[in-house]
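To be precise, the following lines are work.cif, and they hold mmCIF, C-alpha atoms.
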data_my_file
#
loop_
_atom_site.label_atom_id
_atom_site.label_comp_id
_atom_site.auth_asym_id
_atom_site.auth_seq_id
_atom_site.Cartn_x
_atom_site.Cartn_y
_atom_site.Cartn_z
CA MET S 1 180.42 64.78 161.46
CA SER S 2 180.98 61.19 162.53
CA ALA S 3 181.82 58.68 159.82
CA THR S 4 180.35 55.83 161.82
CA PRO S 5 177.10 54.60 160.28
CA ARG S 6 174.18 55.22 162.55
CA ALA S 7 172.89 52.04 164.17
CA SER S 8 169.35 51.70 162.84
CA SER S 9 168.14 50.46 166.22
CA ALA S 10 169.41 53.48 168.10
CA THR S 11 167.33 56.26 166.67
CA LEU S 12 164.02 57.07 164.99
CA PRO S 13 164.14 58.38 161.43
CA PRO S 14 162.29 61.64 160.62
CA PHE S 15 158.55 60.94 160.45
CA GLU S 16 158.62 62.10 156.82
CA THR S 17 160.55 58.92 155.98
CA LEU S 18 157.65 56.81 157.26
CA VAL S 19 155.14 58.81 155.27
CA SER S 20 157.10 58.54 152.03
CA THR S 21 157.80 54.84 152.56
CA TYR S 22 154.35 53.66 153.62
CA ALA S 23 151.86 56.25 152.30
CA ALA S 24 150.89 54.20 149.23
CA THR S 25 150.56 50.90 151.10
CA VAL S 26 148.38 52.39 153.80
CA LEU S 27 146.16 54.04 151.19
CA ARG S 28 145.76 50.74 149.29
CA VAL S 29 144.88 48.89 152.48
CA ALA S 30 142.42 51.60 153.50
CA ARG S 31 140.76 51.54 150.08
CA ALA S 32 140.42 47.77 150.21
CA VAL S 33 138.99 47.76 153.73
CA VAL S 34 136.62 50.77 153.71
CA GLY S 35 136.32 51.74 150.04
CA THR S 36 137.72 54.67 148.10
CA VAL S 37 135.49 57.38 149.57
CA ASP S 38 136.35 56.79 153.23
CA ALA S 39 139.94 55.70 152.59
CA ASP S 40 141.22 59.30 152.64
CA ASP S 41 139.85 59.77 156.15
CA VAL S 42 141.34 56.48 157.32
CA TRP S 43 144.72 57.41 155.83
CA SER S 44 144.71 60.87 157.41
CA GLU S 45 143.59 59.65 160.82
CA THR S 46 146.17 56.87 160.68
CA PHE S 47 149.16 59.08 159.97
CA LEU S 48 148.04 61.77 162.39
CA ALA S 49 147.67 59.20 165.20
CA ALA S 50 151.00 57.64 164.21
CA MET S 51 152.71 61.04 164.33
CA ARG S 52 151.25 61.64 167.79
CA ALA S 53 152.55 58.33 169.13
CA TYR S 54 155.76 58.21 167.10
CA PRO S 55 158.31 59.56 169.63
CA ALA S 56 157.46 56.65 171.97
CA LEU S 57 157.79 53.98 169.28
CA PRO S 58 160.65 51.56 170.04
CA PRO S 59 163.26 52.12 167.30
CA ASP S 60 163.29 48.40 166.45
CA ALA S 61 159.50 48.16 166.06
CA ASN S 62 158.00 46.79 162.84
CA VAL S 63 156.78 50.11 161.46
CA GLU S 64 154.59 48.67 158.72
CA ALA S 65 152.74 46.37 161.13
CA TRP S 66 152.36 49.28 163.55
CA LEU S 67 150.85 51.50 160.85
CA VAL S 68 148.50 48.75 159.65
CA THR S 69 147.38 48.21 163.25
CA ILE S 70 146.51 51.89 163.56
CA ALA S 71 144.83 51.87 160.14
CA HIS S 72 142.78 48.84 161.19
CA ARG S 73 141.44 50.71 164.24
CA LYS S 74 140.82 53.90 162.31
CA ALA S 75 138.95 51.91 159.65
CA ILE S 76 136.66 50.55 162.36
CA ASP S 77 136.06 54.09 163.67
CA VAL S 78 135.36 55.46 160.22
CA THR S 79 133.08 52.54 159.33
CA ARG S 80 131.12 53.01 162.56
CA GLY S 81 130.82 56.71 161.92
CA ALA S 82 129.65 56.01 158.39
CA ALA S 83 127.12 53.45 159.66
CA ARG S 84 125.74 56.04 162.09
CA ARG S 85 125.36 58.45 159.23
CA ALA S 86 123.71 55.61 157.26
CA ILE S 87 126.02 56.05 154.32
CA PRO S 88 126.94 52.87 152.49
CA VAL S 89 130.57 51.91 153.05
CA ALA S 90 131.05 49.58 150.14
CA GLU S 91 132.73 50.81 146.98
CA PRO S 92 130.26 53.09 145.22
CA PRO S 93 130.07 52.45 141.48
CA ASP S 94 130.76 56.07 140.56
CA THR S 95 134.26 56.52 141.97
CA PRO S 96 136.69 55.38 139.32
CA THR S 97 140.22 56.45 140.07
CA ARG S 98 141.88 58.24 137.24
CA GLU S 99 144.94 56.07 136.97
CA SER S 100 145.11 52.48 135.79
CA ALA S 101 141.65 51.49 136.94
CA ASP S 102 140.12 49.71 133.99
CA GLY S 103 136.88 47.75 134.20
CA ARG S 104 138.68 44.72 135.50
CA ASP S 105 140.19 46.60 138.42
CA LEU S 106 136.81 48.06 139.27
CA ASP S 107 135.27 44.57 139.16
CA LEU S 108 137.94 43.26 141.49
CA ARG S 109 137.43 46.16 143.90
CA ALA S 110 133.68 45.56 143.87
CA ALA S 111 134.34 41.88 144.63
CA VAL S 112 136.63 42.81 147.52
CA ALA S 113 134.02 45.22 148.87
CA ALA S 114 131.43 42.43 148.80
CA LEU S 115 133.55 40.11 151.00
CA PRO S 116 132.62 39.62 154.66
CA PRO S 117 134.70 42.01 156.82
CA LYS S 118 137.11 39.44 158.24
CA GLN S 119 137.94 38.06 154.79
CA ARG S 120 138.33 41.55 153.38
CA GLN S 121 140.64 42.56 156.23
CA THR S 122 142.83 39.46 156.07
CA VAL S 123 143.13 39.73 152.29
CA ALA S 124 144.09 43.42 152.56
CA TYR S 125 146.55 43.00 155.43
CA HIS S 126 148.22 39.93 153.94
CA TYR S 127 148.17 40.56 150.20
CA LEU S 128 148.42 44.36 150.14
CA ALA S 129 150.43 45.10 153.29
CA GLY S 130 152.38 41.84 153.40
CA LEU S 131 151.67 41.17 157.08
CA PRO S 132 152.24 37.59 158.24
CA TYR S 133 149.17 35.73 159.51
CA ALA S 134 150.47 35.64 163.08
CA GLN S 135 150.41 39.44 163.15
CA ILE S 136 147.03 39.63 161.46
CA ALA S 137 145.71 37.20 164.07
CA GLU S 138 146.76 39.57 166.86
CA LEU S 139 145.11 42.46 165.07
CA LEU S 140 141.82 40.62 164.59
CA ASP S 141 141.95 38.89 167.96
CA THR S 142 141.93 35.45 166.41
CA THR S 143 144.40 32.66 165.64
CA ALA S 144 146.92 32.55 162.81
CA THR S 145 145.14 29.47 161.45
CA ALA S 146 141.81 31.27 161.41
CA ALA S 147 143.37 34.31 159.77
CA ARG S 148 144.99 32.15 157.10
CA ARG S 149 141.66 30.42 156.49
CA ALA S 150 139.76 33.72 156.23
CA ALA S 151 142.27 35.00 153.66
CA ALA S 152 142.06 31.75 151.69
CA ASP S 153 138.27 31.88 151.75
CA GLY S 154 138.42 35.50 150.65
CA ILE S 155 140.72 34.74 147.74
CA ALA S 156 138.53 31.80 146.73
CA ALA S 157 135.45 34.02 146.82
CA LEU S 158 137.25 36.66 144.72
CA ARG S 159 138.19 34.02 142.16
CA ARG S 160 134.58 32.83 141.99
CA SER S 161 133.12 36.30 141.49
CA TYR S 162 135.98 37.61 139.39
CA GLU S 163 137.15 35.34 136.63
CA PRO S 164 138.88 37.57 134.12
CA GLY S 165 138.12 36.71 130.55
CA GLU S 166 135.90 33.78 131.43
CA ALA S 167 132.42 33.50 130.02
CA ARG S 168 129.94 32.45 132.64
CA MET Z 1 147.56 35.25 142.48
CA THR Z 2 148.56 36.35 138.98
CA ASP Z 3 144.93 36.65 137.89
CA LEU Z 4 144.02 38.63 141.03
CA ASP Z 5 146.30 41.63 140.96
CA LEU Z 6 145.16 43.46 144.08
CA ALA Z 7 148.02 45.96 144.16
CA ARG Z 8 147.12 46.98 140.61
CA ALA Z 9 143.40 47.16 141.37
CA TYR Z 10 144.19 49.52 144.24
CA GLY Z 11 146.69 51.55 142.27
CA VAL Z 12 147.67 54.79 144.00
CA GLY Z 13 148.63 57.89 142.04
CA ASP Z 14 151.10 60.58 143.03
CA HIS Z 15 148.32 63.17 143.04
CA ASP Z 16 146.53 61.17 145.78
CA LEU Z 17 149.63 61.05 147.92
CA ILE Z 18 150.47 64.73 147.40
CA ARG Z 19 146.95 65.74 148.38
CA LEU Z 20 146.95 63.52 151.48
CA HIS Z 21 150.42 64.67 152.50
CA ALA Z 22 149.31 68.30 152.36
CA ARG Z 23 146.26 67.44 154.45
CA LEU Z 24 148.48 65.70 157.01
CA ALA Z 25 150.79 68.71 157.23
CA THR Z 26 147.83 70.99 157.93
CA SER Z 27 146.20 68.77 160.53
CA ALA Z 28 149.53 68.00 162.22
CA ALA Z 29 150.18 71.73 162.56
CA SER Z 30 146.77 72.44 164.06
CA ALA Z 31 147.12 69.46 166.43
CA ALA Z 32 150.47 70.91 167.61
CA LEU Z 33 152.28 67.78 166.39
CA LEU Z 34 154.45 69.50 163.79
CA ASP Z 35 157.61 69.74 165.90
CA VAL Z 36 159.86 70.31 162.88
CA ALA Z 37 158.54 71.50 159.52
CA TYR Z 38 160.87 71.65 156.57
CA ARG Z 39 161.11 72.42 152.88
CA VAL Z 40 163.87 72.69 150.31
CA VAL Z 41 164.24 75.87 148.24
CA ASP Z 42 166.46 76.59 145.26
CA SER Z 43 169.06 79.32 145.59
CA PRO Z 44 172.15 80.63 143.80
CA VAL Z 45 174.22 78.65 146.33
CA GLY Z 46 172.35 75.42 145.63
CA PRO Z 47 169.31 73.82 147.23
CA LEU Z 48 168.80 75.02 150.80
CA LEU Z 49 167.00 72.98 153.42
CA LEU Z 50 164.91 75.21 155.72
CA ALA Z 51 163.58 73.79 158.97
CA ALA Z 52 161.42 75.51 161.59
CA THR Z 53 159.93 74.63 164.94
CA PRO Z 54 156.82 76.41 166.25
CA VAL Z 55 159.28 78.91 167.80
CA GLY Z 56 161.00 79.83 164.54
CA LEU Z 57 163.64 79.00 161.97
CA VAL Z 58 165.96 76.45 163.54
CA ARG Z 59 168.16 75.22 160.69
CA VAL Z 60 169.34 76.21 157.23
CA ALA Z 61 171.45 73.56 155.50
CA PHE Z 62 173.46 73.49 152.29
CA ALA Z 63 173.28 70.47 150.00
CA SER Z 64 176.92 69.70 150.84
CA GLU Z 65 175.87 68.93 154.42
CA GLY Z 66 173.60 66.12 153.18
CA HIS Z 67 169.97 67.04 153.70
CA ASP Z 68 168.99 63.52 154.81
CA GLN Z 69 171.69 63.57 157.44
CA VAL Z 70 170.61 67.02 158.62
CA LEU Z 71 166.99 65.85 158.93
CA GLN Z 72 168.12 62.83 160.93
CA GLY Z 73 170.09 65.17 163.19
CA LEU Z 74 166.96 67.28 163.74
CA ALA Z 75 164.98 64.13 164.54
CA ASP Z 76 167.62 63.14 167.09
CA ARG Z 77 168.15 66.53 168.70
CA ILE Z 78 164.71 68.13 168.55
CA SER Z 79 161.98 65.60 167.79
CA PRO Z 80 161.39 62.74 165.33
CA ARG Z 81 158.12 64.45 164.36
CA VAL Z 82 159.78 65.94 161.28
CA LEU Z 83 157.52 66.52 158.29
CA GLU Z 84 157.89 68.24 154.94
CA ALA Z 85 155.43 71.07 155.49
CA PRO Z 86 156.21 74.10 153.33
CA ALA Z 87 153.65 76.53 154.78
CA ARG Z 88 155.60 77.27 157.96
CA LEU Z 89 158.62 78.21 155.85
CA ASP Z 90 156.77 80.48 153.41
CA GLY Z 91 157.95 83.69 155.09
CA VAL Z 92 161.60 82.60 155.23
CA ALA Z 93 161.49 81.37 151.64
CA ARG Z 94 160.12 84.72 150.47
CA GLU Z 95 162.77 86.69 152.38
CA LEU Z 96 165.52 84.46 151.00
CA ASP Z 97 164.23 85.03 147.46
CA ASP Z 98 164.38 88.77 148.07
CA TYR Z 99 167.82 88.48 149.66
CA PHE Z 100 169.27 86.55 146.74
CA ALA Z 101 167.70 89.07 144.35
CA GLY Z 102 169.50 91.87 146.23
CA ARG Z 103 166.22 93.43 147.39
CA ARG Z 104 166.52 92.52 151.06
CA HIS Z 105 169.41 93.40 153.37
CA ALA Z 106 168.15 92.02 156.68
CA PHE Z 107 166.00 89.10 157.71
CA ASP Z 108 162.90 89.59 159.75
CA VAL Z 109 161.89 86.06 160.78
CA GLN Z 110 161.63 84.45 164.20
CA LEU Z 111 164.65 82.30 165.02
CA ASP Z 112 164.81 79.24 167.26
CA TRP Z 113 168.30 79.18 168.74
CA GLN Z 114 168.02 75.82 170.47
CA LEU Z 115 170.76 74.21 168.38
CA SER Z 116 173.41 76.60 169.64
CA THR Z 117 174.02 77.19 173.31
CA GLY Z 118 176.37 79.06 175.60
CA PHE Z 119 179.19 81.07 174.09
CA ARG Z 120 178.35 79.95 170.55
CA ARG Z 121 174.86 81.32 170.99
CA THR Z 122 176.30 84.63 172.27
CA VAL Z 123 178.67 84.89 169.30
CA LEU Z 124 175.93 84.17 166.75
CA GLY Z 125 173.62 86.66 168.45
CA HIS Z 126 176.18 89.42 167.96
CA LEU Z 127 176.79 88.27 164.42
CA ALA Z 128 173.08 88.47 163.66
CA THR Z 129 172.75 92.02 164.93
CA ASP Z 130 176.17 93.70 164.74
CA VAL Z 131 177.68 92.74 161.39
CA GLY Z 132 175.57 94.41 158.76
CA TYR Z 133 174.81 93.62 155.13
CA GLY Z 134 177.70 94.18 152.73
CA THR Z 135 180.28 94.45 155.51
CA THR Z 136 182.74 91.91 156.85
CA ALA Z 137 184.43 91.43 160.19
CA SER Z 138 187.36 89.35 161.36
CA TYR Z 139 187.06 86.44 163.78
CA ALA Z 140 189.04 88.57 166.26
CA SER Z 141 186.68 91.53 166.07
CA LEU Z 142 183.67 89.25 166.50
CA ALA Z 143 185.38 87.79 169.58
CA GLU Z 144 185.66 91.32 170.89
CA LEU Z 145 182.01 92.01 170.15
CA ALA Z 146 181.10 88.86 172.06
CA GLY Z 147 183.03 90.15 175.05
CA SER Z 148 185.85 87.57 174.92
CA PRO Z 149 188.61 89.06 172.77
CA LYS Z 150 190.89 86.08 173.35
CA ALA Z 151 188.34 83.48 172.28
CA VAL Z 152 189.11 83.75 168.56
CA ARG Z 153 189.22 79.99 168.05
CA ALA Z 154 185.92 79.52 169.85
CA VAL Z 155 184.42 82.20 167.61
CA GLY Z 156 185.67 80.23 164.62
CA THR Z 157 183.93 77.15 165.96
CA ALA Z 158 180.73 79.09 166.58
CA CYS Z 159 180.71 80.28 162.97
CA ALA Z 160 181.62 76.85 161.61
CA THR Z 161 178.71 75.26 163.48
CA ASN Z 162 176.17 78.03 162.86
CA PRO Z 163 172.87 76.14 162.50
CA ILE Z 164 171.19 79.00 160.61
CA PRO Z 165 173.70 80.10 157.94
CA VAL Z 166 172.80 82.82 155.39
CA VAL Z 167 170.08 84.19 157.72
CA VAL Z 168 172.61 84.44 160.58
CA PRO Z 169 175.39 85.84 158.40
CA CYS Z 170 178.50 83.93 159.38
CA HIS Z 171 179.65 84.36 155.78
CA ARG Z 172 180.53 87.96 156.74
CA ILE Z 173 183.23 86.76 159.13
CA VAL Z 174 186.51 86.48 157.24
CA ARG Z 175 190.14 85.91 158.13
CA SER Z 176 192.30 88.84 159.24
CA ASP Z 177 194.66 88.20 156.28
CA GLY Z 178 191.77 88.98 153.93
CA LYS Z 179 191.21 85.36 152.86
CA THR Z 180 187.60 84.19 152.82
CA GLY Z 181 188.09 81.38 155.31
CA ALA Z 182 186.13 78.23 155.95
CA TYR Z 183 182.36 78.01 155.60
CA ARG Z 184 179.70 75.43 156.31
CA GLY Z 185 178.47 75.62 152.72
CA GLY Z 186 181.99 75.56 151.28
CA PRO Z 187 184.29 78.47 150.31
CA ASP Z 188 182.53 79.00 146.96
CA ALA Z 189 179.19 79.59 148.65
CA LYS Z 190 180.81 82.05 151.06
CA ARG Z 191 182.45 83.92 148.19
CA ALA Z 192 179.14 84.01 146.28
CA LEU Z 193 177.28 85.49 149.25
CA LEU Z 194 179.98 88.13 149.82
CA ASP Z 195 179.94 89.04 146.12
CA LEU Z 196 176.16 89.27 146.13
CA GLU Z 197 176.21 91.69 149.07
CA ALA Z 198 179.07 93.71 147.60
CA ALA Z 199 177.22 94.14 144.30
CA ALA Z 200 173.87 95.16 145.73
#

Can you dump the structure from the file as structure tokens?
Amino acid sequence: MSATPRASSATLPPFETLVSTYAATVLRVARAVVGTVDADDVWSETFLAAMRAYPALPPDANVEAWLVTIAHRKAIDVTRGAARRAIPVAEPPDTPTRESADGRDLDLRAAVAALPPKQRQTVAYHYLAGLPYAQIAELLDTTATAARRAAADGIAALRRSYEPGEAR
Amino acid sequence: MTDLDLARAYGVGDHDLIRLHARLATSAASAALLDVAYRVVDSPVGPLLLAATPVGLVRVAFASEGHDQVLQGLADRISPRVLEAPARLDGVARELDDYFAGRRHAFDVQLDWQLSTGFRRTVLGHLATDVGYGTTASYASLAELAGSPKAVRAVGTACATNPIPVVVPCHRIVRSDGKTGAYRGGPDAKRALLDLEAAA
């Protein structure tokens, strides 16, 4: 066995590495964008499509941005499908997750679900997935400035509707 | 952002990820995308990595080989579509359990030989069929079985690079002077397997 460290740009890691590294982030993003109920479908469709395309991925590609791009498209598909079935997409009130979700978290999720789609997407892709605005702009077919503004508007709206501990 | 903790609000539990991972393994298999499925099983010779293609068992690896490195090798040589997907390895895992308990003397699982070619493949094929449970053979006699009595060194290499150890029993090939000889899983593992078969 060669002692030379493998050049990270020369080879693709086993797909399992991507799943274990990014599974949680993709699920968070999916939950923020389409709500808890449909997030499982978005996650599954995302990783299945990623696995299909993976052998052709350039080894130096930004894997996280690639996965978020796929998740973005799958979220649109799932949302359209849900709209056709006339099922509300926003966070239903009766789906508390078992871990860590206290009332405050549920309020914040409800506030995110109430944002206009572009604000919700930019907030999720920037603050949950850590994507830079230039990349989000490509994803949403807009400019980096507009993406930054949408995220800022989204955060401002969240602050207005979600002021922890503040009497109104 | 301290008052708006989005990552916390969208907290993800292990049970979510385990459930989704299992679902991915199932759908990847039915979409014919599961080029390499693997799992790790415990054994008396340490944790064993088992990997299978749709054709069959393609790799068994000891912990001393470095399971991460082995998986990277499979990604490079077979396909990067490598996923932990235990179901495909259920049969092998069961037979290995029986083998280590002394209840099974031969393996009956499909093998994928793609990681050994040419003469090495020929040698390992004879090893798999001609050197039975509880017996040993010398490198020289295996060379004879493979039809190249002078290729003793090449037989040694074939055994040392056996991609499917334990199931393809290269541990039964020992030195003519009676010493155990080298083994992919280390001399202790080889000794343990020979003792197991001698006792059963």

Could you tell me, as a tab-separated table (two decimals) with C-alpha atoms, in the frame of the given file, exactly which residues end up selected when the PyMOL selection byres ((chain S) within 7 of (chain Z)) is applied to this structure?
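For reference, selection_39.tsv as written:
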chain	number	residue	atom	x	y	z
S	11	THR	CA	167.33	56.26	166.67
S	12	LEU	CA	164.02	57.07	164.99
S	13	PRO	CA	164.14	58.38	161.43
S	14	PRO	CA	162.29	61.64	160.62
S	15	PHE	CA	158.55	60.94	160.45
S	16	GLU	CA	158.62	62.10	156.82
S	23	ALA	CA	151.86	56.25	152.30
S	24	ALA	CA	150.89	54.20	149.23
S	28	ARG	CA	145.76	50.74	149.29
S	44	SER	CA	144.71	60.87	157.41
S	48	LEU	CA	148.04	61.77	162.39
S	51	MET	CA	152.71	61.04	164.33
S	52	ARG	CA	151.25	61.64	167.79
S	55	PRO	CA	158.31	59.56	169.63
S	99	GLU	CA	144.94	56.07	136.97
S	100	SER	CA	145.11	52.48	135.79
S	101	ALA	CA	141.65	51.49	136.94
S	105	ASP	CA	140.19	46.60	138.42
S	106	LEU	CA	136.81	48.06	139.27
S	108	LEU	CA	137.94	43.26	141.49
S	109	ARG	CA	137.43	46.16	143.90
S	128	LEU	CA	148.42	44.36	150.14

Residues picked by the PyMOL selection byres ((chain Z and resi 127-142) around 9) here, as a VMD selection string?
-> chain Z and resid 105 to 106 122 to 126 143 to 153 155 to 156 159 167 to 178 194 to 200

Tell me which protein, DNA and RNA residues are within 12 Å of Gln121 (chain S), counting only C-alpha atoms, leaving out same-chain ones fewer than 6 positions away, and put them as a ChimeraX atom specification.
-> /S:28-35,68-69,71-73,75-76,112-115,127-129,131,133,136-137,139-140,147-148,150-155

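Coordinates place CA of Asp97 (chain Z) at a distance of 12.3 Å from CA of Pro47 (chain Z).
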
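Every residue that the PyMOL selection byres ((chain Z and resi 109-120) around 7) selects in this file is listed here: Val55, Gly56, Leu57, Val58, Val92, Phe107, Asp108, Arg121, Thr122, Val123, Leu124, Ala158 and Pro163 of chain Z.
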
Separation of CA of Val19 (chain S) and CA of Gly66 (chain Z), in Å?
->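 Computed distance, CA of Val19 (chain S) to CA of Gly66 (chain Z), equals 20.0 Å.
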
Take CA of Tyr183 (chain Z) and CA of Asn162 (chain Z) and report the distance between them in Å, one decimal.
-> 9.5 Å
